[in-house]
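Asker: One file is attached below, data_38.tsv, containing TSV, C-alpha atoms.
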chain	number	residue	atom	x	y	z
A	1	MET	CA	20.42	0.50	-15.10
A	2	GLU	CA	22.90	-2.37	-15.25
A	3	THR	CA	23.53	-4.08	-11.94
A	4	LEU	CA	27.21	-3.93	-11.18
A	5	PRO	CA	28.86	-7.08	-9.86
A	6	LYS	CA	30.80	-7.20	-6.62
A	7	LYS	CA	33.86	-8.52	-8.43
A	8	MET	CA	35.30	-8.28	-11.92
A	9	LYS	CA	38.03	-9.93	-13.99
A	10	VAL	CA	41.30	-8.31	-14.99
A	11	VAL	CA	44.27	-9.44	-17.06
A	12	ALA	CA	47.56	-8.88	-15.23
A	13	VAL	CA	51.08	-9.26	-16.54
A	14	GLU	CA	52.58	-11.21	-13.63
A	15	GLU	CA	56.17	-11.35	-14.85
A	16	VAL	CA	58.08	-11.32	-18.10
A	17	GLY	CA	56.28	-13.61	-20.55
A	18	LYS	CA	53.42	-14.53	-18.22
A	19	VAL	CA	49.90	-13.16	-17.82
A	20	SER	CA	47.00	-14.32	-15.69
A	21	VAL	CA	43.31	-13.64	-15.25
A	22	ARG	CA	42.50	-12.42	-11.75
A	23	GLU	CA	39.26	-11.60	-9.96
A	24	VAL	CA	39.33	-8.30	-8.05
A	25	PRO	CA	36.78	-6.19	-6.14
A	26	MET	CA	34.53	-4.00	-8.28
A	27	ILE	CA	35.78	-0.42	-8.69
A	28	GLN	CA	33.69	2.53	-7.49
A	29	PRO	CA	33.23	5.81	-9.40
A	30	LEU	CA	34.22	9.21	-8.02
A	31	PRO	CA	31.87	12.21	-8.38
A	32	GLY	CA	31.62	13.19	-12.04
A	33	GLU	CA	32.66	9.78	-13.32
A	34	ILE	CA	30.72	7.06	-15.08
A	35	VAL	CA	31.36	3.33	-15.18
A	36	ILE	CA	32.19	1.73	-18.51
A	37	ARG	CA	31.90	-1.98	-19.19
A	38	ILE	CA	34.95	-2.64	-21.36
A	39	GLN	CA	34.21	-5.25	-24.00
A	40	HIS	CA	37.30	-5.19	-26.21
A	41	CYS	CA	40.96	-4.28	-25.68
A	42	LEU	CA	43.71	-4.27	-28.31
A	43	LEU	CA	47.31	-5.10	-27.43
A	44	CYS	CA	49.56	-2.20	-28.41
A	45	THR	CA	53.36	-2.22	-28.62
A	46	TRP	CA	53.37	-0.79	-25.08
A	47	GLU	CA	51.59	-3.89	-23.74
A	48	GLN	CA	53.98	-6.02	-25.76
A	49	ARG	CA	57.01	-4.30	-24.19
A	50	ILE	CA	55.55	-4.89	-20.71
A	51	PHE	CA	55.05	-8.56	-21.61
A	52	ASN	CA	58.59	-8.85	-23.00
A	53	GLY	CA	60.22	-7.06	-20.08
A	54	MET	CA	61.27	-4.06	-22.19
A	55	SER	CA	59.20	-1.56	-20.18
A	56	LYS	CA	59.96	0.02	-16.82
A	57	SER	CA	56.60	-1.07	-15.41
A	58	SER	CA	56.69	-3.09	-12.21
A	59	TYR	CA	54.96	-6.47	-11.91
A	60	PRO	CA	52.20	-7.39	-11.57
A	61	PHE	CA	50.62	-4.75	-13.81
A	62	ILE	CA	47.21	-4.36	-15.49
A	63	PRO	CA	47.82	-2.69	-18.87
A	64	GLY	CA	45.51	-1.85	-21.77
A	65	HIS	CA	44.37	1.45	-23.28
A	66	GLU	CA	42.96	0.75	-26.76
A	67	VAL	CA	39.42	-0.13	-25.73
A	68	SER	CA	35.71	0.05	-26.46
A	69	GLY	CA	32.59	-0.82	-24.51
A	70	HIS	CA	29.31	0.57	-23.25
A	71	VAL	CA	28.09	2.75	-20.40
A	72	ALA	CA	27.25	0.48	-17.47
A	73	TYR	CA	26.42	2.83	-14.59
A	74	ILE	CA	25.86	6.55	-14.04
A	75	PRO	CA	25.95	7.82	-10.45
A	76	GLU	CA	23.17	10.21	-9.42
A	77	ASP	CA	25.61	13.10	-8.94
A	78	THR	CA	27.18	12.74	-12.41
A	79	VAL	CA	25.70	15.16	-14.95
A	80	THR	CA	25.85	13.74	-18.46
A	81	SER	CA	23.87	13.22	-21.63
A	82	PHE	CA	25.06	9.60	-21.81
A	83	SER	CA	22.61	6.82	-21.07
A	84	VAL	CA	23.29	3.36	-19.73
A	85	GLY	CA	23.90	1.02	-22.65
A	86	ASP	CA	25.42	3.64	-24.96
A	87	PRO	CA	28.35	2.21	-26.97
A	88	VAL	CA	31.48	4.30	-26.42
A	89	VAL	CA	35.21	4.60	-26.83
A	90	MET	CA	37.33	6.21	-24.17
A	91	LYS	CA	40.64	7.91	-23.44
A	92	THR	CA	41.98	5.85	-20.55
A	93	LEU	CA	45.36	7.59	-20.26
A	94	ASP	CA	44.87	10.41	-17.78
A	95	SER	CA	45.26	14.18	-17.89
A	96	CYS	CA	44.61	16.61	-15.06
A	97	GLY	CA	42.36	19.05	-16.96
A	98	HIS	CA	43.73	22.17	-15.26
A	99	CYS	CA	47.39	22.65	-16.21
A	100	GLU	CA	48.48	25.02	-18.99
A	101	ALA	CA	48.77	22.21	-21.53
A	102	CYS	CA	45.25	20.97	-20.79
A	103	TYR	CA	43.78	24.49	-20.98
A	104	ARG	CA	45.44	25.04	-24.36
A	105	GLY	CA	43.96	21.80	-25.71
A	106	ASP	CA	47.28	19.94	-25.52
A	107	ASP	CA	46.08	17.51	-22.87
A	108	ASN	CA	48.37	14.82	-24.33
A	109	LEU	CA	51.23	16.89	-22.89
A	110	CYS	CA	49.64	17.29	-19.44
A	111	THR	CA	52.05	18.33	-16.68
A	112	GLY	CA	49.62	18.11	-13.74
A	113	LYS	CA	48.75	15.40	-11.27
A	114	THR	CA	46.56	12.61	-12.58
A	115	LYS	CA	44.55	9.79	-11.09
A	116	LYS	CA	46.40	6.55	-10.39
A	117	ARG	CA	44.40	3.37	-10.91
A	118	VAL	CA	44.84	0.49	-8.51
A	119	TYR	CA	42.93	-2.78	-8.65
A	120	ASP	CA	43.17	-4.77	-5.43
A	121	GLY	CA	46.67	-3.43	-4.88
A	122	ILE	CA	47.75	-3.82	-8.52
A	123	SER	CA	48.46	-0.67	-10.51
A	124	GLY	CA	47.77	-0.23	-14.20
A	125	SER	CA	46.15	1.74	-17.00
A	126	GLY	CA	43.11	-0.53	-16.69
A	127	GLY	CA	42.11	-1.28	-20.25
A	128	LEU	CA	42.39	-4.98	-19.50
A	129	ALA	CA	39.83	-4.78	-16.70
A	130	GLN	CA	36.17	-5.53	-17.31
A	131	TYR	CA	35.13	-2.17	-15.85
A	132	ILE	CA	36.69	1.28	-15.68
A	133	CYS	CA	35.62	4.57	-14.08
A	134	LEU	CA	36.25	7.70	-16.13
A	135	PRO	CA	35.29	11.38	-16.13
A	136	VAL	CA	32.53	12.07	-18.65
A	137	ALA	CA	34.83	14.34	-20.68
A	138	ARG	CA	37.06	11.38	-21.60
A	139	VAL	CA	34.25	9.20	-22.95
A	140	TYR	CA	33.18	9.49	-26.60
A	141	ALA	CA	29.87	8.53	-28.17
A	142	LEU	CA	29.77	6.77	-31.54
A	143	PRO	CA	27.63	8.44	-34.25
A	144	ASP	CA	26.63	5.00	-35.49
A	145	PRO	CA	25.64	3.01	-32.37
A	146	THR	CA	25.45	-0.19	-34.43
A	147	MET	CA	29.11	-0.23	-35.46
A	148	ASP	CA	31.26	-3.24	-34.59
A	149	LEU	CA	32.91	-2.35	-31.28
A	150	ARG	CA	35.92	-4.52	-32.09
A	151	PHE	CA	36.92	-1.91	-34.67
A	152	ALA	CA	35.87	0.99	-32.45
A	153	ALA	CA	38.72	-0.09	-30.15
A	154	PHE	CA	41.10	1.29	-32.79
A	155	ALA	CA	40.05	4.83	-31.81
A	156	GLU	CA	43.11	5.35	-29.61
A	157	PRO	CA	45.82	4.38	-32.15
A	158	LEU	CA	43.95	6.26	-34.87
A	159	ALA	CA	43.74	9.32	-32.61
A	160	CYS	CA	47.51	9.16	-32.07
A	161	CYS	CA	48.01	9.31	-35.82
A	162	ILE	CA	45.49	12.14	-36.21
A	163	ASN	CA	47.51	14.20	-33.74
A	164	SER	CA	50.60	13.47	-35.84
A	165	ILE	CA	48.84	14.43	-39.08
A	166	GLU	CA	47.73	17.70	-37.51
A	167	GLN	CA	51.32	18.50	-36.46
A	168	ALA	CA	52.26	18.27	-40.14
A	169	ASN	CA	49.35	20.44	-41.34
A	170	ILE	CA	49.04	18.56	-44.64
A	171	THR	CA	47.26	20.40	-47.45
A	172	LEU	CA	45.93	19.34	-50.85
A	173	SER	CA	48.43	17.99	-53.42
A	174	GLU	CA	51.43	17.89	-51.07
A	175	ASP	CA	54.00	15.11	-51.23
A	176	VAL	CA	54.05	13.10	-48.01
A	177	VAL	CA	56.64	10.44	-47.17
A	178	VAL	CA	55.78	7.75	-44.62
A	179	VAL	CA	58.82	5.81	-43.43
A	180	GLY	CA	57.65	2.43	-42.16
A	181	ALA	CA	54.36	0.69	-42.94
A	182	GLY	CA	53.48	-0.94	-39.65
A	183	ILE	CA	50.00	-0.25	-38.34
A	184	MET	CA	50.82	3.35	-37.41
A	185	GLY	CA	52.45	3.96	-40.77
A	186	GLN	CA	49.40	2.47	-42.51
A	187	LEU	CA	47.05	4.75	-40.55
A	188	HIS	CA	49.22	7.74	-41.48
A	189	ILE	CA	48.88	6.71	-45.12
A	190	ALA	CA	45.10	6.51	-44.94
A	191	LEU	CA	44.79	9.87	-43.17
A	192	ALA	CA	47.24	11.65	-45.49
A	193	VAL	CA	45.32	10.38	-48.51
A	194	LYS	CA	42.12	11.79	-46.98
A	195	ARG	CA	43.94	15.14	-46.74
A	196	GLY	CA	44.53	15.03	-50.49
A	197	ALA	CA	48.25	14.23	-50.42
A	198	ARG	CA	50.36	12.09	-52.72
A	199	VAL	CA	51.82	9.51	-50.36
A	200	LEU	CA	55.23	7.90	-50.87
A	201	VAL	CA	56.00	4.99	-48.55
A	202	VAL	CA	59.35	3.47	-47.57
A	203	GLU	CA	58.96	-0.18	-46.52
A	204	ILE	CA	60.97	-3.39	-46.98
A	205	ASP	CA	58.24	-5.94	-46.14
A	206	LYS	CA	56.34	-7.03	-49.28
A	207	GLU	CA	53.03	-7.76	-47.53
A	208	ARG	CA	53.03	-4.40	-45.77
A	209	ALA	CA	53.99	-2.72	-49.03
A	210	GLU	CA	50.97	-4.25	-50.75
A	211	LEU	CA	48.70	-3.17	-47.91
A	212	ALA	CA	50.12	0.36	-48.13
A	213	LYS	CA	49.02	0.48	-51.76
A	214	ARG	CA	45.53	-0.66	-50.77
A	215	MET	CA	45.46	2.10	-48.15
A	216	GLY	CA	46.11	4.63	-50.91
A	217	ALA	CA	49.89	5.00	-51.24
A	218	SER	CA	50.90	6.20	-54.71
A	219	VAL	CA	54.42	4.77	-54.55
A	220	VAL	CA	56.09	2.21	-52.27
A	221	ILE	CA	59.89	2.19	-52.19
A	222	ASN	CA	61.94	-0.75	-50.92
A	223	PRO	CA	65.20	0.74	-49.56
A	224	LEU	CA	66.93	-2.65	-49.90
A	225	GLU	CA	66.39	-2.52	-53.67
A	226	ILE	CA	66.80	1.18	-54.45
A	227	ASP	CA	68.21	4.31	-52.86
A	228	ALA	CA	65.04	5.56	-51.17
A	229	LYS	CA	66.21	9.13	-50.66
A	230	ALA	CA	67.37	9.48	-54.26
A	231	GLU	CA	64.06	8.08	-55.48
A	232	ILE	CA	62.06	10.51	-53.33
A	233	LEU	CA	64.08	13.41	-54.72
A	234	ARG	CA	63.56	12.15	-58.28
A	235	LEU	CA	59.80	11.85	-57.76
A	236	THR	CA	59.65	15.39	-56.36
A	237	GLN	CA	61.76	16.99	-59.12
A	238	ASN	CA	64.66	17.30	-56.67
A	239	GLN	CA	62.59	19.63	-54.48
A	240	GLY	CA	62.00	17.14	-51.69
A	241	ALA	CA	58.84	16.20	-49.82
A	242	HIS	CA	56.55	18.63	-48.04
A	243	VAL	CA	56.14	16.25	-45.11
A	244	VAL	CA	58.00	13.22	-43.72
A	245	PHE	CA	56.64	10.95	-40.99
A	246	ILE	CA	59.13	8.64	-39.24
A	247	THR	CA	56.98	5.82	-37.86
A	248	THR	CA	59.78	3.29	-37.24
A	249	THR	CA	61.81	3.00	-34.03
A	250	MET	CA	65.21	3.53	-35.72
A	251	ALA	CA	66.77	6.76	-34.47
A	252	SER	CA	69.24	6.86	-37.38
A	253	LEU	CA	66.35	7.49	-39.77
A	254	ALA	CA	65.35	10.58	-37.79
A	255	GLN	CA	68.48	12.30	-39.10
A	256	GLU	CA	68.72	10.57	-42.45
A	257	TYR	CA	65.35	11.73	-43.80
A	258	LEU	CA	65.92	15.38	-42.99
A	259	GLY	CA	67.74	15.31	-46.32
A	260	VAL	CA	64.58	14.70	-48.35
A	261	LEU	CA	62.60	17.62	-46.91
A	262	LYS	CA	62.01	20.59	-49.19
A	263	LYS	CA	62.25	24.17	-47.92
A	264	ARG	CA	59.66	24.76	-45.22
A	265	GLY	CA	59.08	21.02	-45.13
A	266	ARG	CA	57.88	19.38	-41.92
A	267	ILE	CA	59.27	16.20	-40.39
A	268	VAL	CA	57.32	14.48	-37.61
A	269	TYR	CA	59.00	12.03	-35.27
A	270	TYR	CA	56.11	9.74	-34.48
A	271	GLY	CA	56.36	7.32	-31.59
A	272	SER	CA	59.44	6.52	-29.53
A	273	PHE	CA	62.87	5.41	-30.68
A	274	HIS	CA	64.65	2.32	-29.37
A	275	PRO	CA	67.46	2.56	-28.54
A	276	ASP	CA	67.34	6.27	-27.76
A	277	LEU	CA	70.22	7.92	-29.64
A	278	ASP	CA	71.27	11.51	-30.29
A	279	ILE	CA	71.24	12.83	-33.87
A	280	THR	CA	73.24	15.67	-35.44
A	281	ILE	CA	71.49	18.68	-36.93
A	282	ASN	CA	73.15	21.58	-38.75
A	283	PRO	CA	71.41	24.71	-37.46
A	284	ASN	CA	72.33	26.71	-40.58
A	285	ALA	CA	70.60	24.10	-42.74
A	286	ILE	CA	67.45	24.68	-40.71
A	287	HIS	CA	67.94	28.47	-40.71
A	288	TYR	CA	68.21	28.79	-44.49
A	289	SER	CA	65.48	26.30	-45.35
A	290	GLU	CA	62.96	27.01	-42.54
A	291	LYS	CA	62.43	23.28	-42.15
A	292	ILE	CA	60.23	22.33	-39.21
A	293	ILE	CA	61.19	19.44	-36.92
A	294	THR	CA	58.56	18.25	-34.48
A	295	GLY	CA	57.21	15.18	-32.73
A	296	SER	CA	53.88	13.63	-31.94
A	297	TYR	CA	53.03	12.08	-28.60
A	298	SER	CA	49.76	10.39	-27.70
A	299	PRO	CA	46.35	11.82	-28.71
A	300	THR	CA	44.62	15.02	-27.69
A	301	SER	CA	40.95	14.94	-26.71
A	302	LYS	CA	40.13	16.60	-30.03
A	303	ALA	CA	42.02	13.93	-31.98
A	304	PHE	CA	40.20	11.23	-30.03
A	305	TRP	CA	36.82	12.78	-30.87
A	306	ILE	CA	37.78	12.92	-34.57
A	307	ALA	CA	38.91	9.28	-34.47
A	308	SER	CA	35.60	8.15	-32.97
A	309	ARG	CA	33.77	9.80	-35.88
A	310	LEU	CA	36.10	8.56	-38.62
A	311	LEU	CA	35.66	4.97	-37.43
A	312	SER	CA	31.96	5.10	-36.65
A	313	LEU	CA	31.08	6.80	-39.94
A	314	GLY	CA	33.16	4.32	-41.96
A	315	ILE	CA	35.56	6.95	-43.28
A	316	ILE	CA	38.64	4.98	-42.20
A	317	ASP	CA	38.70	1.17	-42.51
A	318	VAL	CA	40.78	-0.55	-39.83
A	319	SER	CA	39.63	-4.11	-40.50
A	320	PRO	CA	42.97	-5.09	-42.17
A	321	PHE	CA	44.75	-4.48	-38.87
A	322	LEU	CA	42.94	-7.01	-36.68
A	323	SER	CA	45.45	-9.87	-36.61
A	324	GLY	CA	43.80	-12.09	-34.00
A	325	GLU	CA	40.98	-12.29	-31.47
A	326	TYR	CA	40.88	-14.12	-28.12
A	327	ASP	CA	38.56	-14.42	-25.15
A	328	ILE	CA	39.82	-13.24	-21.77
A	329	GLU	CA	40.59	-16.77	-20.56
A	330	ASP	CA	43.06	-17.10	-23.44
A	331	ALA	CA	44.92	-13.88	-22.60
A	332	GLN	CA	48.27	-15.68	-22.47
A	333	LYS	CA	47.80	-16.90	-26.06
A	334	ALA	CA	46.73	-13.40	-27.09
A	335	PHE	CA	49.92	-11.82	-25.75
A	336	GLU	CA	52.06	-14.51	-27.34
A	337	HIS	CA	50.32	-13.88	-30.67
A	338	SER	CA	50.75	-10.11	-30.37
A	339	VAL	CA	54.56	-10.31	-30.26
A	340	ARG	CA	54.86	-12.48	-33.37
A	341	PRO	CA	56.51	-10.74	-36.33
A	342	GLY	CA	53.93	-9.47	-38.79
A	343	SER	CA	51.12	-8.98	-36.28
A	344	PHE	CA	49.31	-5.65	-36.23
A	345	ARG	CA	46.78	-5.70	-33.37
A	346	VAL	CA	45.50	-8.65	-31.37
A	347	LEU	CA	42.15	-8.22	-29.58
A	348	ILE	CA	41.05	-9.56	-26.18
A	349	ASN	CA	37.32	-9.86	-25.57
A	350	LEU	CA	36.64	-9.05	-21.94
Show the structure stored in the file as structure tokens.

Answerer:
Amino acid sequence: METLPKKMKVVAVEEVGKVSVREVPMIQPLPGEIVIRIQHCLLCTWEQRIFNGMSKSSYPFIPGHEVSGHVAYIPEDTVTSFSVGDPVVMKTLDSCGHCEACYRGDDNLCTGKTKKRVYDGISGSGGLAQYICLPVARVYALPDPTMDLRFAAFAEPLACCINSIEQANITLSEDVVVVGAGIMGQLHIALAVKRGARVLVVEIDKERAELAKRMGASVVINPLEIDAKAEILRLTQNQGAHVVFITTTMASLAQEYLGVLKKRGRIVYYGSFHPDLDITINPNAIHYSEKIITGSYSPTSKAFWIASRLLSLGIIDVSPFLSGEYDIEDAQKAFEHSVRPGSFRVLINL
């Protein structure tokens, strides 16, 4: 069994535009938890907003939630089939496990009380700490224990997209429109192709458009060059798409692309919109067409389990989305890199 240190390193966002590496006392597991040695953490748009001052988080704050590592310590009173040294991915964002949403399998929509993590007086999600304590049920084994754990850290963003794909219930041969080809749009493309869909992508950036084609998109439409909605209708014989995913942050598009849904089509509002604006919906248009409007928020435990398998078994390739890699002592450079235009995910080795 690995000997746990008395102290560990964390990356804290101290103020807008500034991060530091601190040394804090080692955390201690509660009954039923295991200790994970986090090795890699990706910087998501949430971490970027904290760094840029666009989040409501108070400073200092220890963020991070897209992580991978290995089991470091198992207390005697924790019952588990894991062994020390097992490579794992983990769901760091908490759920209570005993509210209605959790019992129904919708733990991403948990309404109960959850554990708050504090490291030497500093709150945070804890992915940018060298160690984390988690209940066994939120830790996921990798079918291939030899896989590169840098890419295993993509389990959380992939799981978010899996939850979105499942909201849409894509079936073979359907037409799927993905609006926006950032990393989340690209993962939607790859997953929709695996479901047997024809994928039409709306994207203005040429490099992202080319990557979308490599991920399996059949058509990429640049809305600056052509009327995207008219082109989607033309390609679908004026019937419209079966599914539309809005993966950009522009609220105006949430209303605009309702017009390209066919009858009984499904539109999924993926991610959050900035700024948050109201949209107008004609209820009769929904009544007569039976269109379905839904959202997708965070991953369920099931989606996380599926993501761990898709990555570990090599079914989904996330290597194109690793834009940079830094050691923990260069965390400031990592954050600065992550907010550059064109970056997908930047990795910090802990």

Asker: What's around A:His65 at 6 Å? Count only C-alpha atoms, leave out sequence neighbours fewer than 2 positions away in its own chain, and write the answer as an NGL selection string.

Answerer: :A and (67 or 92 or 127)

Asker: Excluding stretch 263-272 of chain A and any residue of its chain fewer than 3 positions from it, enumerate the residues within 10 Å of it, using only C-alpha atoms, and give them as a ChimeraX atom specification.

Answerer: /A:160-161,163-165,167-170,175-178,184-185,239-251,253-254,257-258,260,275-276,285-286,288-298

Asker: Have a look at atom CA of A:Asp317 and atom CA of A:Arg37 and let me know their distance in Å, one decimal.

Answerer: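 The value is 24.5 Å.
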
Asker: Compile the contact shell of stretch 14-30 of chain A as a count of residues only: residues with an atom at most 7 Å away, counting only C-alpha atoms, same-chain residues fewer than 2 positions apart removed.

Answerer: 24

Asker: What gap, in Å, lies between atom CA of A:Asp77 and atom CA of A:Ala137?

Answerer: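 Atom CA of A:Ala137 lies 15.0 Å from atom CA of A:Asp77.
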
Asker: Taking 4 positions as the minimum chain separation for residues in the same chain, which residues sit within 12 Å of A:Arg309 when counting all atoms listed in the file? Answer as a list in words.

Answerer: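 Skipping anything fewer than 4 positions along the chain leaves Val88, Val89, Tyr140, Ala141, Leu142, Pro143, Asp144, Pro145, Met147, Ala152, Phe154, Ala155, Leu158, Ala159, Ile162, Lys302, Ala303, Phe304, Trp305, Leu313, Gly314, Ile315, Ile316 and Asp317 of chain A.
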
Asker: How about saving the chosen residues, C-alpha atoms kept, as a PDB file, keeping the file's coordinate frame?

Answerer:
ATOM      1  CA  VAL A  88      31.480   4.300 -26.420  1.00  0.00           C
ATOM      2  CA  VAL A  89      35.210   4.600 -26.830  1.00  0.00           C
ATOM      3  CA  TYR A 140      33.180   9.490 -26.600  1.00  0.00           C
ATOM      4  CA  ALA A 141      29.870   8.530 -28.170  1.00  0.00           C
ATOM      5  CA  LEU A 142      29.770   6.770 -31.540  1.00  0.00           C
ATOM      6  CA  PRO A 143      27.630   8.440 -34.250  1.00  0.00           C
ATOM      7  CA  ASP A 144      26.630   5.000 -35.490  1.00  0.00           C
ATOM      8  CA  PRO A 145      25.640   3.010 -32.370  1.00  0.00           C
ATOM      9  CA  MET A 147      29.110  -0.230 -35.460  1.00  0.00           C
ATOM     10  CA  ALA A 152      35.870   0.990 -32.450  1.00  0.00           C
ATOM     11  CA  PHE A 154      41.100   1.290 -32.790  1.00  0.00           C
ATOM     12  CA  ALA A 155      40.050   4.830 -31.810  1.00  0.00           C
ATOM     13  CA  LEU A 158      43.950   6.260 -34.870  1.00  0.00           C
ATOM     14  CA  ALA A 159      43.740   9.320 -32.610  1.00  0.00           C
ATOM     15  CA  ILE A 162      45.490  12.140 -36.210  1.00  0.00           C
ATOM     16  CA  LYS A 302      40.130  16.600 -30.030  1.00  0.00           C
ATOM     17  CA  ALA A 303      42.020  13.930 -31.980  1.00  0.00           C
ATOM     18  CA  PHE A 304      40.200  11.230 -30.030  1.00  0.00           C
ATOM     19  CA  TRP A 305      36.820  12.780 -30.870  1.00  0.00           C
ATOM     20  CA  LEU A 313      31.080   6.800 -39.940  1.00  0.00           C
ATOM     21  CA  GLY A 314      33.160   4.320 -41.960  1.00  0.00           C
ATOM     22  CA  ILE A 315      35.560   6.950 -43.280  1.00  0.00           C
ATOM     23  CA  ILE A 316      38.640   4.980 -42.200  1.00  0.00           C
ATOM     24  CA  ASP A 317      38.700   1.170 -42.510  1.00  0.00           C
TER      25      ASP A 317
END

Asker: Between A:Cys102, A:Leu277, A:Ala307, A:Leu200, which residue has the minimum interatomic distance to A:Gln255, considering only C-alpha atoms?

Answerer: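 So, comparing all the options, the nearest one is A:Leu277.
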
Asker: Rank A:Met54, A:Ile221, A:Val136, A:Val199 by their smallest atom-to-atom distance to A:Thr78, using all atoms listed in the file, and report the top residue only.

Answerer: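 Under the stated criterion, the closest residue is A:Val136.
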
Asker: Counting all atoms listed in the file, which residue out of A:Ala334, A:Val346, A:Val220, A:Ala129 sits closest to A:Arg198?

Answerer: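 That would be A:Val220, the residue with the smallest distance to A:Arg198.
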
Asker: Kindly indicate which residue among A:Leu322, A:Ile132, A:Ile232, A:Leu347 lies nearest to A:Lys262, using all atoms listed in the file for the distances.

Answerer: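 Answer, going by the shortest atom-to-atom distance: A:Ile232.
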
Asker: Smallest atom-to-atom distance to A:Asp327: which of A:Ile36, A:Ile306, A:Leu350, A:Ile226, using all atoms listed in the file?

Answerer: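 Using all atoms listed in the file, A:Asp327 sits closest to A:Leu350.
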
Asker: Calculate how many Å separate atom CA of A:Ala209 from atom CA of A:Asn222, rounding to one decimal.

Answerer: 8.4 Å

Asker: Taking (46.9, -13.3, -36.6) in the coordinates of the supplied file, I want to know which residues reach to within 10 Å of it, counting only C-alpha atoms; could you give the answer as a ChimeraX atom specification?

Answerer: /A:321-325,334,337-338,340-347
